[in-house]
Amino acid sequence: MATLRHQIATNVLTVTRFRELLKKVRSYRPNDDLGLIRSAYNYSLLHHTGQQRASGEPYLVHPLEVACVLAEMKLDPIAIVAGLLHDSVEDTSVTIIDIRKEFGEQVAHIVEGVTKISKIDFASSEERQAENVRKMVLAMVDDIRVVLIKLADRLHNMRTLEHLPPERQQRIAKETLEIYAPIAHRLGMGKIRGELEDLGFRYMDPIGYDQVHAAVESRRKAGEHFLAQIEELLREKFKEAGIEALVQSRIKRLYSIHQKILRQRITVDQMYDLFAVRVIANNVQDCYGVLGIIHNLWRPVPSRIKDFIAMPRPNFYQSLHTSVIAENGQPFEVQIRTEEMHKMAEEGIAAHWKYKDGPVSAKDEQRLAWLRQVVEWQRDVSDPNEFLSTLKIDLYPEEVYTFTPKGKVVILPRDATPLDFAYTIHTEVGHTCVGAKVNGRMVPLRYRLHSGDIVEILTQAGHHPSRDWLSVVKSSRARNKIKHWMNVHQRERAIEIGRKLIEKEARKYRVALKDIKEPDFQRVASDYGLGRGDDLLAGIGYGKFPARQVLAKLSPAASESPGEADEEKQSAITSVVRRVFGGDHNAIKVKGHDDLLVYRARCCNPIRGEDIVGYVTRGKGVAVHSRNCPNVTNLMYESERRIAVEWARDTAAAAGYPVKLTLFCDDRAGMLKQITAIISDDNTNIRNIEVRTANSQANIDVVIDIEDLKHLELIVSGLRKIAGVHDVQRVQRV
Ligand code: MN
């Protein structure tokens, strides 16, 4: 019975509060249809039924109060509706799809954004990360109403924080001070920021709070009296001078006092701005006039006069600041500005942009350009709330903010992939990365990360980077690490190959390689303009210097010893090449070099007669590509590694190259027989045939031995003449 009475009583309370909400919205939106707000209230009432807050109140109180805060900000009905529904997806069985169906795309989009931010666990974020998390929150949302609802949500939670256990109070208060108050600050929402800070301070540091609170309270009465006298005197003096101006005053907020005490190691009484007066004048000229009057009345503190009107802060903050000392020795601050400047400083979105931050970088300059545009735009919109509620945020367009599973923020360039993430964590994590999970789901390494993604990198010992990764990564850090790995490891391989080649050559000339001393290597290396003996071996391995030539320089005996037949020598090298690379080079000559390592690139398998180009690879000798090979354009980025090659004239041993053709043809009886007949008529060897059929069409892959380009062209034209053959294509990879 008692609980029922309690329920009825709270229901009456919420209904009353809801009426107040409607009245408030109607006051600044007289022409809007508020039906959607009513539906949202009923929807929220229905779905939160039976749920209670820690205070014992029905849960509905919370979304209702959040909506009231939003109405205080004079936001549009869509924002109020989203405020009423902001916890429904998180805490009830309702889905975003349900919300979209009932309340439309915009509301669903905003509620989804709020839910997304709520899911982030900021608890583990360290102090130095706070700025990153703030940026991340701003980067994550594309509708400013998401942030405003999140701030209103946090404000009401802070106002009712007393009902939670101390540990949770601490955690939420810390998060409020580190993340939400600064966001409010950045968006120029001074009032909410102040309240969030003082509430956060109270729960975060109860002892410090009590001290500052006591210090201010003991001075409040005298302070308010003092400020009232100052205000009175100023109004009088302005009237005498014929200046129309508004005069306000305030006592500095507790959290700001606390921070100043910590930062400057001063007492409350040493603060010049514990008490402050603000004068809002009609125009800039009057602002300077007011400054003159004030300096005429009281002695200014010299170093504290600041003209932010002539020289605005990077965030466009404009005001004249001065601190003066009253007759009784009490210092106070005066801020003088026009109505327009005041609006920018107090309400203007992002007016406090980068306030008190470091110097303006080029990047900041871009953001400021954006801000400038926003300010311009704001002037054009008659209803400032219209502007606020529809502004699309793109505050950090060039970055994405992601998390490790432990909650550390990782900032990456836009479109970054899990590989970039892995390399940011640690070089070794990058090198051994084999996969990634984003928000618990496996994703490809090419996946584009979004702000708020939680990324888990899967590694495997012994795994190493591949060249393709260079086209996957977006950050220069990852790119450099991969390139570095490639250079180091391919160099190692080149040295190994170089050593094998020279050993082979030495055996042939019966030179004991161990008799050649390090200084000799050094000497020959410097002959080639190289620094170290290893560079020489690497050069041989890369195919830059012929092993025989190097050996002759190392050991004069080698050049004198009776040479074997050239062919044999070549085949000896070839066998090394074959063993190491499995390539063949008999048929290709590198212009001006006798025994460079040459092999046909596997990507295009050039055949005799085709136009070819050589490319000095790292560690594999010279790769020969068909000039049409798509890889050529990509590979030739280092033009100094390009080398002229040609087909050797003598083709005694021309056994032909395997070439794969794919035929697209009708699936009919006798087709295969006709095809094999055409090929065999030319005495061409068929290595393999595979047929796939579907819907009376056939794909036939045939691998044949081709001597040269002419031979290939003959066969292809023959095949094309067969009735029912639609196309014949050469497949580059065999
Ligand atoms: Mn909430």
# chains A, B, ... in the order shown; residues from 1 in each chain; ligands from 1
>>> residues_around(residues="Arg19 in chain A", least_positions_apart="4", cutoff="12 Å", atoms="only C-alpha atoms", output="mmCIF file with N, CA and C atoms, in the first residue's frame")
data_model
loop_
_atom_site.group_PDB
_atom_site.id
_atom_site.type_symbol
_atom_site.label_atom_id
_atom_site.label_comp_id
_atom_site.auth_asym_id
_atom_site.auth_seq_id
_atom_site.Cartn_x
_atom_site.Cartn_y
_atom_site.Cartn_z
ATOM 1 N N VAL A 12 2.625 11.589 -10.209
ATOM 2 C CA VAL A 12 2.095 12.949 -10.238
ATOM 3 C C VAL A 12 3.244 13.933 -10.454
ATOM 4 N N LEU A 13 4.369 13.656 -9.760
ATOM 5 C CA LEU A 13 5.544 14.529 -9.893
ATOM 6 C C LEU A 13 6.069 14.565 -11.323
ATOM 7 N N THR A 14 6.206 13.370 -11.939
ATOM 8 C CA THR A 14 6.752 13.349 -13.299
ATOM 9 C C THR A 14 5.791 14.003 -14.290
ATOM 10 N N VAL A 15 4.516 13.774 -14.093
ATOM 11 C CA VAL A 15 3.548 14.398 -15.005
ATOM 12 C C VAL A 15 3.628 15.917 -14.886
ATOM 13 N N LYS A 23 5.732 23.362 -21.496
ATOM 14 C CA LYS A 23 5.518 24.810 -21.393
ATOM 15 C C LYS A 23 6.789 25.566 -21.800
ATOM 16 N N LYS A 24 7.900 25.034 -21.308
ATOM 17 C CA LYS A 24 9.205 25.649 -21.595
ATOM 18 C C LYS A 24 9.488 25.625 -23.103
ATOM 19 N N VAL A 25 9.284 24.445 -23.710
ATOM 20 C CA VAL A 25 9.567 24.331 -25.148
ATOM 21 C C VAL A 25 8.636 25.248 -25.937
ATOM 22 N N ARG A 26 7.353 25.295 -25.499
ATOM 23 C CA ARG A 26 6.399 26.135 -26.219
ATOM 24 C C ARG A 26 6.804 27.609 -26.139
ATOM 25 N N LEU A 34 4.285 19.801 -30.799
ATOM 26 C CA LEU A 34 4.970 19.115 -29.705
ATOM 27 C C LEU A 34 4.446 17.690 -29.506
ATOM 28 N N ILE A 37 7.018 15.022 -28.855
ATOM 29 C CA ILE A 37 7.575 15.035 -27.497
ATOM 30 C C ILE A 37 6.653 14.236 -26.570
ATOM 31 N N ARG A 38 5.338 14.413 -26.760
ATOM 32 C CA ARG A 38 4.375 13.655 -25.946
ATOM 33 C C ARG A 38 4.535 12.154 -26.183
ATOM 34 N N TYR A 41 7.591 10.864 -24.493
ATOM 35 C CA TYR A 41 7.401 10.751 -23.038
ATOM 36 C C TYR A 41 6.667 9.450 -22.714
ATOM 37 N N LEU A 64 13.548 12.495 -18.258
ATOM 38 C CA LEU A 64 12.723 13.701 -18.198
ATOM 39 C C LEU A 64 13.571 14.911 -17.787
ATOM 40 N N ALA A 67 15.789 15.973 -20.590
ATOM 41 C CA ALA A 67 15.038 16.759 -21.573
ATOM 42 C C ALA A 67 14.846 18.193 -21.073
ATOM 43 N N CYS A 68 14.649 18.349 -19.770
ATOM 44 C CA CYS A 68 14.481 19.693 -19.209
ATOM 45 C C CYS A 68 15.762 20.525 -19.358
#
>>> residues_near_ligand(ligand="ligand 1", cutoff="8 Å", atoms="only C-alpha atoms and all ligand atoms", output="ChimeraX atom specification")
/A:62-63,66,86-87,150,153-154,157
>>> write_last_selection(atoms="N, CA, C and O atoms", output="PDB file, in the first residue's frame")
ATOM      1  N   HIS A  62      14.905  10.421 -14.827  1.00  0.00           N
ATOM      2  CA  HIS A  62      16.183  10.782 -15.453  1.00  0.00           C
ATOM      3  C   HIS A  62      16.041  11.327 -16.881  1.00  0.00           C
ATOM      4  O   HIS A  62      16.441  12.466 -17.147  1.00  0.00           O
ATOM      5  N   PRO A  63      15.460  10.541 -17.808  1.00  0.00           N
ATOM      6  CA  PRO A  63      15.316  11.119 -19.150  1.00  0.00           C
ATOM      7  C   PRO A  63      14.493  12.413 -19.154  1.00  0.00           C
ATOM      8  O   PRO A  63      14.760  13.310 -19.963  1.00  0.00           O
ATOM      9  N   VAL A  66      16.786  15.184 -18.119  1.00  0.00           N
ATOM     10  CA  VAL A  66      17.722  15.457 -19.216  1.00  0.00           C
ATOM     11  C   VAL A  66      17.038  16.322 -20.274  1.00  0.00           C
ATOM     12  O   VAL A  66      17.604  17.308 -20.763  1.00  0.00           O
ATOM     13  N   HIS A  86      16.988   8.801 -24.702  1.00  0.00           N
ATOM     14  CA  HIS A  86      18.433   8.563 -24.842  1.00  0.00           C
ATOM     15  C   HIS A  86      18.918   7.277 -24.182  1.00  0.00           C
ATOM     16  O   HIS A  86      19.899   6.696 -24.606  1.00  0.00           O
ATOM     17  N   ASP A  87      18.224   6.792 -23.133  1.00  0.00           N
ATOM     18  CA  ASP A  87      18.666   5.563 -22.473  1.00  0.00           C
ATOM     19  C   ASP A  87      17.859   4.341 -22.882  1.00  0.00           C
ATOM     20  O   ASP A  87      18.096   3.247 -22.382  1.00  0.00           O
ATOM     21  N   LYS A 150      24.488  14.252 -24.376  1.00  0.00           N
ATOM     22  CA  LYS A 150      25.434  13.558 -23.493  1.00  0.00           C
ATOM     23  C   LYS A 150      25.824  14.477 -22.327  1.00  0.00           C
ATOM     24  O   LYS A 150      25.961  14.019 -21.188  1.00  0.00           O
ATOM     25  N   ASP A 153      22.822  14.679 -19.967  1.00  0.00           N
ATOM     26  CA  ASP A 153      22.762  13.384 -19.286  1.00  0.00           C
ATOM     27  C   ASP A 153      23.757  13.381 -18.129  1.00  0.00           C
ATOM     28  O   ASP A 153      23.434  13.043 -16.988  1.00  0.00           O
ATOM     29  N   ARG A 154      24.996  13.796 -18.437  1.00  0.00           N
ATOM     30  CA  ARG A 154      26.024  13.801 -17.412  1.00  0.00           C
ATOM     31  C   ARG A 154      25.698  14.799 -16.305  1.00  0.00           C
ATOM     32  O   ARG A 154      25.904  14.523 -15.120  1.00  0.00           O
ATOM     33  N   ASN A 157      23.152  13.227 -14.025  1.00  0.00           N
ATOM     34  CA  ASN A 157      23.797  12.159 -13.249  1.00  0.00           C
ATOM     35  C   ASN A 157      24.685  12.743 -12.146  1.00  0.00           C
ATOM     36  O   ASN A 157      24.752  12.205 -11.040  1.00  0.00           O
TER      37      ASN A 157
END
>>> residues_around(residues="range 510-527 of chain A", least_positions_apart="2", cutoff="8 Å", atoms="only C-alpha atoms", output="ChimeraX atom specification")
/A:503,506-508,529-533,535-536,550,553-555,557-558
>>> write_last_selection(atoms="N, CA and C atoms", output="compact mmCIF listing (two decimals), in the first residue's frame")
# COMPACT_ATOMS: atom_id res chain seq x y z
N GLU A 503 81.74 -17.77 -53.43
CA GLU A 503 82.32 -19.05 -53.00
C GLU A 503 82.36 -20.02 -54.18
N ALA A 506 84.98 -19.00 -56.53
CA ALA A 506 86.30 -19.26 -55.95
C ALA A 506 86.67 -20.74 -56.10
N ARG A 507 85.68 -21.61 -55.88
CA ARG A 507 85.95 -23.05 -56.01
C ARG A 507 86.38 -23.38 -57.43
N LYS A 508 85.71 -22.73 -58.36
CA LYS A 508 85.99 -23.00 -59.76
C LYS A 508 87.43 -22.65 -60.12
N GLY A 529 83.52 1.97 -54.76
CA GLY A 529 82.89 3.12 -54.11
C GLY A 529 82.00 2.72 -52.95
N LEU A 530 82.31 1.58 -52.33
CA LEU A 530 81.47 1.11 -51.23
C LEU A 530 82.24 1.23 -49.91
N GLY A 531 81.51 1.25 -48.82
CA GLY A 531 82.12 1.44 -47.52
C GLY A 531 82.68 0.17 -46.91
N ARG A 532 81.93 -0.92 -47.03
CA ARG A 532 82.31 -2.12 -46.29
C ARG A 532 82.29 -3.36 -47.16
N GLY A 533 82.98 -4.40 -46.68
CA GLY A 533 83.01 -5.66 -47.40
C GLY A 533 81.63 -6.25 -47.61
N ASP A 535 78.93 -4.63 -48.06
CA ASP A 535 78.26 -3.91 -49.15
C ASP A 535 78.61 -4.56 -50.49
N LEU A 536 79.87 -5.04 -50.56
CA LEU A 536 80.33 -5.68 -51.78
C LEU A 536 79.55 -6.98 -52.02
N VAL A 550 84.57 -9.50 -59.35
CA VAL A 550 84.95 -9.17 -57.98
C VAL A 550 86.05 -10.11 -57.51
N LYS A 553 89.43 -9.25 -58.74
CA LYS A 553 90.04 -8.11 -58.03
C LYS A 553 90.54 -8.54 -56.66
N LEU A 554 89.82 -9.47 -56.06
CA LEU A 554 90.19 -9.93 -54.72
C LEU A 554 91.46 -10.77 -54.77
N SER A 555 91.50 -11.64 -55.76
CA SER A 555 92.62 -12.56 -55.83
C SER A 555 93.15 -12.59 -57.25
N ALA A 557 95.22 -14.31 -58.54
CA ALA A 557 95.38 -15.68 -59.00
C ALA A 557 94.18 -16.13 -59.80
N ALA A 558 93.01 -15.66 -59.42
CA ALA A 558 91.78 -16.10 -60.07
C ALA A 558 91.76 -15.70 -61.54
>>> residues_around(residues="range 266-278 of chain A", least_positions_apart="4", cutoff="10 Å", atoms="only C-alpha atoms", output="mmCIF file with N, CA, C and O atoms, in the first residue's frame")
data_model
loop_
_atom_site.group_PDB
_atom_site.id
_atom_site.type_symbol
_atom_site.label_atom_id
_atom_site.label_comp_id
_atom_site.auth_asym_id
_atom_site.auth_seq_id
_atom_site.Cartn_x
_atom_site.Cartn_y
_atom_site.Cartn_z
ATOM 1 N N VAL A 212 38.106 24.830 -0.067
ATOM 2 C CA VAL A 212 37.850 25.982 -0.936
ATOM 3 C C VAL A 212 36.466 26.555 -0.653
ATOM 4 O O VAL A 212 36.285 27.777 -0.584
ATOM 5 N N ALA A 215 36.579 28.547 2.442
ATOM 6 C CA ALA A 215 37.317 29.798 2.223
ATOM 7 C C ALA A 215 36.441 30.818 1.503
ATOM 8 O O ALA A 215 36.427 32.004 1.846
ATOM 9 N N VAL A 216 35.683 30.371 0.504
ATOM 10 C CA VAL A 216 34.836 31.294 -0.253
ATOM 11 C C VAL A 216 33.644 31.743 0.592
ATOM 12 O O VAL A 216 33.304 32.935 0.621
ATOM 13 N N ARG A 219 34.178 34.467 2.889
ATOM 14 C CA ARG A 219 34.393 35.771 2.271
ATOM 15 C C ARG A 219 33.187 36.213 1.451
ATOM 16 O O ARG A 219 33.170 37.331 0.933
ATOM 17 N N ARG A 220 32.196 35.324 1.310
ATOM 18 C CA ARG A 220 31.111 35.597 0.383
ATOM 19 C C ARG A 220 30.334 36.856 0.744
ATOM 20 O O ARG A 220 30.117 37.734 -0.090
ATOM 21 N N GLY A 223 32.312 39.870 0.275
ATOM 22 C CA GLY A 223 32.609 39.969 -1.148
ATOM 23 C C GLY A 223 31.419 40.499 -1.934
ATOM 24 O O GLY A 223 31.571 41.389 -2.771
ATOM 25 N N GLU A 224 30.247 39.948 -1.658
ATOM 26 C CA GLU A 224 29.050 40.385 -2.381
ATOM 27 C C GLU A 224 28.746 41.849 -2.090
ATOM 28 O O GLU A 224 28.341 42.599 -2.981
ATOM 29 N N PHE A 226 30.984 44.078 -1.229
ATOM 30 C CA PHE A 226 32.040 44.818 -1.927
ATOM 31 C C PHE A 226 31.701 44.988 -3.410
ATOM 32 O O PHE A 226 31.747 46.097 -3.955
ATOM 33 N N LEU A 227 31.301 43.904 -4.050
ATOM 34 C CA LEU A 227 30.986 43.950 -5.476
ATOM 35 C C LEU A 227 29.783 44.843 -5.762
ATOM 36 O O LEU A 227 29.765 45.569 -6.757
ATOM 37 N N ALA A 228 28.810 44.804 -4.861
ATOM 38 C CA ALA A 228 27.623 45.643 -5.043
ATOM 39 C C ALA A 228 28.012 47.122 -5.030
ATOM 40 O O ALA A 228 27.501 47.917 -5.833
ATOM 41 N N ILE A 230 30.995 48.366 -5.803
ATOM 42 C CA ILE A 230 31.738 48.636 -7.041
ATOM 43 C C ILE A 230 30.768 48.847 -8.203
ATOM 44 O O ILE A 230 30.883 49.812 -8.962
ATOM 45 N N GLU A 231 29.811 47.925 -8.320
ATOM 46 C CA GLU A 231 28.819 48.017 -9.403
ATOM 47 C C GLU A 231 28.102 49.360 -9.356
ATOM 48 O O GLU A 231 27.933 50.027 -10.380
ATOM 49 N N LEU A 234 30.314 52.203 -10.433
ATOM 50 C CA LEU A 234 30.553 52.186 -11.874
ATOM 51 C C LEU A 234 29.345 52.715 -12.641
ATOM 52 O O LEU A 234 29.491 53.507 -13.569
ATOM 53 N N ALA A 245 26.096 51.180 -20.416
ATOM 54 C CA ALA A 245 26.762 49.875 -20.267
ATOM 55 C C ALA A 245 26.081 49.049 -19.180
ATOM 56 O O ALA A 245 25.519 49.581 -18.222
ATOM 57 N N LEU A 246 26.155 47.717 -19.399
ATOM 58 C CA LEU A 246 25.590 46.781 -18.439
ATOM 59 C C LEU A 246 26.705 46.345 -17.492
ATOM 60 O O LEU A 246 27.815 46.070 -17.946
ATOM 61 N N VAL A 247 26.417 46.304 -16.182
ATOM 62 C CA VAL A 247 27.450 45.906 -15.233
ATOM 63 C C VAL A 247 26.996 44.653 -14.485
ATOM 64 O O VAL A 247 25.866 44.594 -13.988
ATOM 65 N N GLN A 248 27.858 43.633 -14.474
ATOM 66 C CA GLN A 248 27.574 42.404 -13.731
ATOM 67 C C GLN A 248 28.768 42.096 -12.852
ATOM 68 O O GLN A 248 29.842 42.653 -13.048
ATOM 69 N N SER A 249 28.580 41.178 -11.893
ATOM 70 C CA SER A 249 29.742 40.761 -11.108
ATOM 71 C C SER A 249 29.594 39.306 -10.699
ATOM 72 O O SER A 249 28.499 38.738 -10.755
ATOM 73 N N ARG A 250 30.705 38.704 -10.308
ATOM 74 C CA ARG A 250 30.650 37.307 -9.886
ATOM 75 C C ARG A 250 31.833 36.979 -8.968
ATOM 76 O O ARG A 250 32.848 37.679 -8.974
ATOM 77 N N ILE A 251 31.626 35.929 -8.191
ATOM 78 C CA ILE A 251 32.735 35.371 -7.423
ATOM 79 C C ILE A 251 33.202 34.157 -8.202
ATOM 80 O O ILE A 251 32.393 33.375 -8.714
ATOM 81 N N LYS A 252 34.489 34.000 -8.321
ATOM 82 C CA LYS A 252 35.055 32.902 -9.105
ATOM 83 C C LYS A 252 34.525 31.564 -8.598
ATOM 84 O O LYS A 252 34.320 31.362 -7.400
ATOM 85 N N ARG A 253 34.346 30.630 -9.531
ATOM 86 C CA ARG A 253 33.806 29.317 -9.159
ATOM 87 C C ARG A 253 34.842 28.490 -8.410
ATOM 88 O O ARG A 253 36.045 28.656 -8.586
ATOM 89 N N LEU A 254 34.333 27.557 -7.579
ATOM 90 C CA LEU A 254 35.204 26.802 -6.666
ATOM 91 C C LEU A 254 36.300 26.025 -7.392
ATOM 92 O O LEU A 254 37.451 26.037 -6.994
ATOM 93 N N SER A 256 37.615 26.532 -10.350
ATOM 94 C CA SER A 256 38.615 27.428 -10.939
ATOM 95 C C SER A 256 39.554 27.951 -9.869
ATOM 96 O O SER A 256 40.761 28.079 -10.102
ATOM 97 N N ILE A 257 39.000 28.274 -8.708
ATOM 98 C CA ILE A 257 39.840 28.742 -7.594
ATOM 99 C C ILE A 257 40.836 27.644 -7.225
ATOM 100 O O ILE A 257 42.042 27.880 -7.124
ATOM 101 N N HIS A 258 40.316 26.452 -7.061
ATOM 102 C CA HIS A 258 41.141 25.305 -6.688
ATOM 103 C C HIS A 258 42.306 25.120 -7.664
ATOM 104 O O HIS A 258 43.451 24.941 -7.274
ATOM 105 N N LYS A 260 43.603 27.286 -9.731
ATOM 106 C CA LYS A 260 44.536 28.418 -9.701
ATOM 107 C C LYS A 260 45.464 28.301 -8.489
ATOM 108 O O LYS A 260 46.656 28.578 -8.587
ATOM 109 N N ILE A 261 44.896 27.879 -7.350
ATOM 110 C CA ILE A 261 45.700 27.709 -6.136
ATOM 111 C C ILE A 261 46.787 26.665 -6.383
ATOM 112 O O ILE A 261 47.948 26.857 -6.054
ATOM 113 N N LEU A 262 46.391 25.568 -7.023
ATOM 114 C CA LEU A 262 47.355 24.509 -7.315
ATOM 115 C C LEU A 262 48.426 24.985 -8.287
ATOM 116 O O LEU A 262 49.608 24.752 -8.096
ATOM 117 N N VAL A 301 46.874 46.981 -11.871
ATOM 118 C CA VAL A 301 48.067 46.134 -11.711
ATOM 119 C C VAL A 301 48.713 46.053 -13.099
ATOM 120 O O VAL A 301 48.088 45.530 -14.033
ATOM 121 N N ARG A 304 48.701 43.136 -15.730
ATOM 122 C CA ARG A 304 47.445 42.427 -15.941
ATOM 123 C C ARG A 304 46.481 43.148 -16.879
ATOM 124 O O ARG A 304 45.299 42.799 -16.944
ATOM 125 N N SER A 319 37.941 40.859 -25.532
ATOM 126 C CA SER A 319 37.619 41.555 -24.290
ATOM 127 C C SER A 319 38.809 42.409 -23.909
ATOM 128 O O SER A 319 39.920 42.145 -24.347
ATOM 129 N N LEU A 320 38.554 43.428 -23.077
ATOM 130 C CA LEU A 320 39.655 44.114 -22.403
ATOM 131 C C LEU A 320 39.686 43.557 -20.989
ATOM 132 O O LEU A 320 38.646 43.456 -20.341
ATOM 133 N N HIS A 321 40.876 43.160 -20.537
ATOM 134 C CA HIS A 321 41.003 42.673 -19.168
ATOM 135 C C HIS A 321 41.891 43.632 -18.386
ATOM 136 O O HIS A 321 42.911 44.087 -18.897
ATOM 137 N N THR A 322 41.512 43.886 -17.161
ATOM 138 C CA THR A 322 42.409 44.621 -16.286
ATOM 139 C C THR A 322 42.143 44.194 -14.848
ATOM 140 O O THR A 322 41.027 43.759 -14.528
ATOM 141 N N SER A 323 43.166 44.245 -14.034
ATOM 142 C CA SER A 323 42.963 44.019 -12.605
ATOM 143 C C SER A 323 43.320 45.310 -11.892
ATOM 144 O O SER A 323 44.341 45.938 -12.210
ATOM 145 N N VAL A 324 42.487 45.706 -10.948
ATOM 146 C CA VAL A 324 42.722 46.960 -10.224
ATOM 147 C C VAL A 324 42.632 46.688 -8.732
ATOM 148 O O VAL A 324 42.132 45.644 -8.303
ATOM 149 N N ILE A 325 43.122 47.633 -7.955
ATOM 150 C CA ILE A 325 43.094 47.456 -6.504
ATOM 151 C C ILE A 325 42.228 48.542 -5.885
ATOM 152 O O ILE A 325 42.472 49.748 -6.088
ATOM 153 N N GLN A 330 41.622 45.572 -1.769
ATOM 154 C CA GLN A 330 41.055 44.363 -2.379
ATOM 155 C C GLN A 330 41.214 44.419 -3.903
ATOM 156 O O GLN A 330 40.667 45.311 -4.550
ATOM 157 N N PRO A 331 41.967 43.482 -4.461
ATOM 158 C CA PRO A 331 42.054 43.474 -5.922
ATOM 159 C C PRO A 331 40.813 42.843 -6.544
ATOM 160 O O PRO A 331 40.160 42.001 -5.916
ATOM 161 N N PHE A 332 40.492 43.256 -7.743
ATOM 162 C CA PHE A 332 39.429 42.580 -8.503
ATOM 163 C C PHE A 332 39.684 42.753 -9.990
ATOM 164 O O PHE A 332 40.418 43.648 -10.409
ATOM 165 N N GLU A 333 39.073 41.851 -10.760
ATOM 166 C CA GLU A 333 39.291 41.876 -12.205
ATOM 167 C C GLU A 333 38.116 42.560 -12.891
ATOM 168 O O GLU A 333 36.986 42.469 -12.424
ATOM 169 N N VAL A 334 38.408 43.243 -13.997
ATOM 170 C CA VAL A 334 37.327 43.811 -14.807
ATOM 171 C C VAL A 334 37.486 43.309 -16.243
ATOM 172 O O VAL A 334 38.589 43.320 -16.799
ATOM 173 N N GLN A 335 36.390 42.823 -16.799
ATOM 174 C CA GLN A 335 36.376 42.404 -18.208
ATOM 175 C C GLN A 335 35.415 43.313 -18.946
ATOM 176 O O GLN A 335 34.279 43.493 -18.511
ATOM 177 N N ILE A 336 35.894 43.899 -20.030
ATOM 178 C CA ILE A 336 35.063 44.858 -20.765
ATOM 179 C C ILE A 336 34.903 44.367 -22.203
ATOM 180 O O ILE A 336 35.899 44.040 -22.862
ATOM 181 N N ARG A 337 33.678 44.312 -22.675
ATOM 182 C CA ARG A 337 33.444 43.803 -24.028
ATOM 183 C C ARG A 337 32.115 44.320 -24.559
ATOM 184 O O ARG A 337 31.307 44.857 -23.797
ATOM 185 N N HIS A 342 30.497 39.383 -26.049
ATOM 186 C CA HIS A 342 30.010 38.657 -24.881
ATOM 187 C C HIS A 342 29.305 37.364 -25.300
ATOM 188 O O HIS A 342 29.521 36.296 -24.738
#
>>> atom_distance(atom1="CA of Arg730 in chain A", atom2="CA of Gly614 in chain A")
21.3 Å
>>> closest_residue(among="A:Val429, A:Leu661, A:Val472, A:Ile144", to="Tyr447 in chain A", atoms="only C-alpha atoms")
A:Val472
>>> residues_around(residues="Ala601 in chain A", least_positions_apart="4", cutoff="6 Å", atoms="only C-alpha atoms", output="PyMOL selection string")
chain A and resi 605+623-625
>>> write_last_selection(atoms="all heavy atoms", output="short mmCIF file (atom, residue, chain, number, x, y, z; two decimals), in the first residue's frame")
data_model
loop_
_atom_site.label_atom_id
_atom_site.label_comp_id
_atom_site.auth_asym_id
_atom_site.auth_seq_id
_atom_site.Cartn_x
_atom_site.Cartn_y
_atom_site.Cartn_z
N ASN A 605 55.49 -13.54 -66.79
CA ASN A 605 56.11 -14.58 -67.59
C ASN A 605 56.36 -14.18 -69.03
O ASN A 605 55.77 -14.75 -69.95
CB ASN A 605 55.22 -15.84 -67.57
CG ASN A 605 55.46 -16.64 -66.33
OD1 ASN A 605 56.60 -16.99 -66.03
ND2 ASN A 605 54.40 -16.90 -65.60
N ALA A 623 64.98 -8.93 -62.45
CA ALA A 623 63.69 -9.48 -62.83
C ALA A 623 63.34 -8.94 -64.20
O ALA A 623 63.51 -7.75 -64.46
CB ALA A 623 62.62 -9.07 -61.83
N VAL A 624 62.92 -9.82 -65.09
CA VAL A 624 62.56 -9.37 -66.44
C VAL A 624 61.04 -9.43 -66.58
O VAL A 624 60.42 -10.47 -66.36
CB VAL A 624 63.24 -10.25 -67.51
CG1 VAL A 624 62.76 -9.84 -68.90
CG2 VAL A 624 64.74 -10.13 -67.40
N HIS A 625 60.48 -8.28 -66.89
CA HIS A 625 59.03 -8.19 -67.05
C HIS A 625 58.68 -7.89 -68.48
O HIS A 625 59.47 -7.27 -69.21
CB HIS A 625 58.48 -7.02 -66.21
CG HIS A 625 58.61 -7.21 -64.74
ND1 HIS A 625 57.59 -7.67 -63.96
CD2 HIS A 625 59.65 -6.98 -63.89
CE1 HIS A 625 57.98 -7.71 -62.70
NE2 HIS A 625 59.23 -7.30 -62.62
#
>>> select_by_dssp(residues="range 86-214 of chain A", states="alpha helix (DSSP H)", output="PyMOL selection string")
chain A and resi 88-91+96-119+130-140+144-159+166-175+181-186+190-204+206-214
>>> residues_around(residues="Tyr255 in chain A", least_positions_apart="5", cutoff="9 Å", atoms="only C-alpha atoms", output="JSON, numbers by chain")
{"A": [194, 197, 198, 199, 200, 201, 202, 209, 212, 260]}
>>> closest_residue(among="A:Pro166, A:Pro418, A:Gly430, A:Gly104", to="Ile78 in chain A", atoms="only C-alpha atoms")
A:Gly104
>>> atom_distance(atom1="CA of Cys665 in chain A", atom2="CA of His726 in chain A")
5.3 Å
>>> residues_around(residues="Ile482 in chain A", least_positions_apart="2", cutoff="8 Å", atoms="only C-alpha atoms", output="list of chain:residue names")
A:His431, A:Pro465, A:Ser466, A:Arg467, A:Trp469, A:Leu470, A:Ala478, A:Arg479, A:Asn480, A:His484, A:Trp485, A:Met486
>>> atom_distance(atom1="CA of Arg441 in chain A", atom2="CA of Asp415 in chain A")
18.3 Å
